[in-house]
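Chemist: Starting off with a structure, shown below.
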Amino acid sequence: MQSFRWTAALLAAAALLGVNTAYSEEATHKRSASKQAAAKAAPKSTIGVVTISPAIRQVVFANPPLNLIVPETLSSLNQVVKDLGKDDRVKIVIFTSDVPGFFFNHFDMSEFPNFLNQAGANAKPLWVELVSNLSSAPFISIAAIHGRTQGGGDELALAFDLRYASREKAVFGQPEVGIGLFPGGGSTDHLARLIGRDRALEVLVSSDDYSAELAEKYGWITRALPDAQLDGFVSKLAHRLATFDKQALVATKKQINAAAFPREAELLSSYGEFAKSLSWPGLQQRMPIWGQIYQEFGPAKVEANLGFYIGEGNRRFGSSR
């Protein structure tokens, strides 16, 4: 019964999202061309893995131009996490982006029906399985964040063990409440623990952009560094930790997670609330406004200043009533 309710909610939302089928005519043409190319060859994965050393791997996400998370991202990333977890040599995994301006961005909302079909073990939502697998992975996960990470992308970043961000280029945000959705990818569970009740509530209900400097002050990220120093810092840390005993690293991570990481039951509850929110009237009423804004300003400009446009959309919505 629960699965049926989630299905109905997701399909109802997908029917409303003419805005996301397009982020722009350019995006539409790109998807069409991609589908035609797929008939000739298997599409390139959005997830790549680079071997830095036997103990250090780098996972690179690339889905230009906006680095939206698509279903293939989740399935490929989940498989990579499982595979790396089986390699006894791997101690450190660095997560990066290959698209300027963006780390992991939010979900591609036009793909919601396809996200729905993704299930892990015991029919568990694949998203929840991925986050759980990251928390229990026998390695230390480190995010090197040079661009924007918002929505589901930020919730994924929150599941990594350590988050280092560019002081000049990294921006964080959870836009869901501002567009009429429940932020159900784990941000409510993680942020309340990391930055406290008041600040978590501010971040989530304001749906605004937060600089790396403020995110560091709040405790949202591990540390903010000058952009030119970020990769060198992460590399030096990774190589330092790679010389440590793996059992000691993993046992320490496990004990800290037992005290501070959300339980899987909490993540499932949040995911369920998100799925129900896809049929909330507030989302349905605002969708035409978001569509107008994307068409008027273009996807690149909107995504690069999402907090501002969330406010602008709600201002327009209020004016139209």
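We label chains A, B, ... in the order they appear in the structure tokens, count residues from 1 in each chain, and number ligands from 1 in the order shown.
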Once DSSP has gone over the backbone, tell me which residues of region 96-156 of chain A are in alpha helix (DSSP H), as a ChimeraX atom specification.
Modeler: /A:112-116,126-136,152-156
Chemist: Can you pull out every residue within 12 Å of region 197-203 of chain A, counting only C-alpha atoms, but drop anything in the same chain fewer than 6 positions away, and send it as a PyMOL selection string?
Modeler: chain A and resi 150-151+154+172-178+183+186-191+209-211+214-215+217-220+307
Chemist: Tell me which protein, DNA and RNA residues are within 12 Å of Ala62 (chain A), counting only C-alpha atoms, leaving out same-chain ones fewer than 6 positions away, and put them as a PyMOL selection string.
Modeler: chain A and resi 44-49+68-70+72-73+77+95-105
Chemist: May I have the residues from that selection written out with N, CA and C atoms, as an mmCIF file, in the first residue's frame?
Modeler:
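Listed below is the output, out_14.cif:
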```
data_model
loop_
_atom_site.group_PDB
_atom_site.id
_atom_site.type_symbol
_atom_site.label_atom_id
_atom_site.label_comp_id
_atom_site.auth_asym_id
_atom_site.auth_seq_id
_atom_site.Cartn_x
_atom_site.Cartn_y
_atom_site.Cartn_z
ATOM 1 N N LYS A 44 27.320 7.041 -21.882
ATOM 2 C CA LYS A 44 28.428 7.163 -20.945
ATOM 3 C C LYS A 44 27.890 7.390 -19.547
ATOM 4 N N SER A 45 28.479 6.736 -18.570
ATOM 5 C CA SER A 45 28.040 6.883 -17.189
ATOM 6 C C SER A 45 28.373 8.269 -16.669
ATOM 7 N N THR A 46 27.553 8.772 -15.743
ATOM 8 C CA THR A 46 27.840 10.049 -15.094
ATOM 9 C C THR A 46 28.874 9.890 -13.982
ATOM 10 N N ILE A 47 29.235 8.658 -13.665
ATOM 11 C CA ILE A 47 30.164 8.374 -12.580
ATOM 12 C C ILE A 47 31.422 7.698 -13.121
ATOM 13 N N GLY A 48 32.578 8.252 -12.793
ATOM 14 C CA GLY A 48 33.848 7.651 -13.171
ATOM 15 C C GLY A 48 34.718 7.429 -11.948
ATOM 16 N N VAL A 49 35.625 6.475 -12.034
ATOM 17 C CA VAL A 49 36.510 6.161 -10.915
ATOM 18 C C VAL A 49 37.958 6.232 -11.377
ATOM 19 N N LEU A 68 22.905 17.689 -12.876
ATOM 20 C CA LEU A 68 21.721 17.157 -12.217
ATOM 21 C C LEU A 68 21.909 15.673 -11.942
ATOM 22 N N ILE A 69 21.396 15.215 -10.827
ATOM 23 C CA ILE A 69 21.424 13.791 -10.502
ATOM 24 C C ILE A 69 20.319 13.091 -11.282
ATOM 25 N N VAL A 70 20.651 12.041 -11.994
ATOM 26 C CA VAL A 70 19.695 11.243 -12.763
ATOM 27 C C VAL A 70 19.699 9.824 -12.208
ATOM 28 N N GLU A 72 20.616 7.007 -13.384
ATOM 29 C CA GLU A 72 21.871 6.292 -13.622
ATOM 30 C C GLU A 72 22.943 6.705 -12.623
ATOM 31 N N THR A 73 22.911 7.963 -12.177
ATOM 32 C CA THR A 73 23.869 8.430 -11.185
ATOM 33 C C THR A 73 23.767 7.596 -9.916
ATOM 34 N N LEU A 77 26.621 5.037 -8.802
ATOM 35 C CA LEU A 77 27.319 5.423 -7.580
ATOM 36 C C LEU A 77 27.168 4.350 -6.503
ATOM 37 N N PHE A 95 35.465 12.303 -3.477
ATOM 38 C CA PHE A 95 34.357 12.556 -4.396
ATOM 39 C C PHE A 95 34.478 13.974 -4.952
ATOM 40 N N THR A 96 34.486 14.086 -6.284
ATOM 41 C CA THR A 96 34.658 15.377 -6.935
ATOM 42 C C THR A 96 33.671 15.511 -8.093
ATOM 43 N N SER A 97 33.694 16.693 -8.717
ATOM 44 C CA SER A 97 32.876 16.965 -9.903
ATOM 45 C C SER A 97 33.783 17.367 -11.052
ATOM 46 N N ASP A 98 33.356 17.019 -12.261
ATOM 47 C CA ASP A 98 34.108 17.408 -13.454
ATOM 48 C C ASP A 98 33.370 18.484 -14.252
ATOM 49 N N VAL A 99 32.355 19.112 -13.629
ATOM 50 C CA VAL A 99 31.574 20.160 -14.291
ATOM 51 C C VAL A 99 31.781 21.469 -13.544
ATOM 52 N N PRO A 100 32.390 22.465 -14.167
ATOM 53 C CA PRO A 100 32.633 23.748 -13.490
ATOM 54 C C PRO A 100 31.340 24.360 -12.953
ATOM 55 N N GLY A 101 31.429 24.853 -11.717
ATOM 56 C CA GLY A 101 30.287 25.544 -11.126
ATOM 57 C C GLY A 101 29.373 24.682 -10.292
ATOM 58 N N PHE A 102 29.489 23.345 -10.437
ATOM 59 C CA PHE A 102 28.577 22.459 -9.712
ATOM 60 C C PHE A 102 29.323 21.258 -9.139
ATOM 61 N N PHE A 103 28.946 20.899 -7.919
ATOM 62 C CA PHE A 103 29.367 19.622 -7.335
ATOM 63 C C PHE A 103 28.267 18.636 -7.732
ATOM 64 N N PHE A 104 27.574 18.018 -6.801
ATOM 65 C CA PHE A 104 26.361 17.272 -7.131
ATOM 66 C C PHE A 104 25.203 18.256 -7.005
ATOM 67 N N ASN A 105 24.398 18.393 -8.049
ATOM 68 C CA ASN A 105 23.256 19.300 -8.032
ATOM 69 C C ASN A 105 22.020 18.526 -7.558
#
```
Chemist: Quick one: of A:Arg240, A:Arg286, A:Lys82, A:Arg193, who's nearest to Ala259 (chain A), counting only C-alpha atoms?
Modeler: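 For Ala259 (chain A), the nearest of the candidates is A:Arg193.
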Chemist: Hey, could you make a per-residue contact list for region 255-289 of chain A against region 117-134 of chain A with 10 Å as the cut-off, showing the nearest pair of atoms and its distance in Å to one decimal, counting only C-alpha atoms, sorted by chain and number, as a tab-separated table?
Modeler:
```
residue	atom	partner	partner_atom	distance
A:Phe261	CA	A:Ser132	CA	9.7
A:Pro262	CA	A:Ser132	CA	9.2
A:Arg263	CA	A:Ser132	CA	8.6
A:Glu264	CA	A:Ser132	CA	6.7
A:Ala265	CA	A:Val128	CA	9.5
A:Glu266	CA	A:Val128	CA	9.9
A:Leu267	CA	A:Val128	CA	6.4
A:Leu268	CA	A:Val128	CA	6.6
A:Ser270	CA	A:Val128	CA	9.7
A:Tyr271	CA	A:Val128	CA	7.7
A:Gly272	CA	A:Pro125	CA	9.6
```
Chemist: From a DSSP calculation on the backbone, collect every residue of region 126-319 of chain A in strand (DSSP E) and output the set as a ChimeraX atom specification.
Modeler: /A:140-145,148-150,162-166,171-173,210-211,223-225
Chemist: Might you pull out every residue within 9 Å of Ala300 (chain A), with only C-alpha atoms counted and same-chain residues fewer than 5 positions away left off, and present them as a list in words?
Modeler: Tyr23, Pro65, Leu66, Tyr294 and Asn305 of chain A
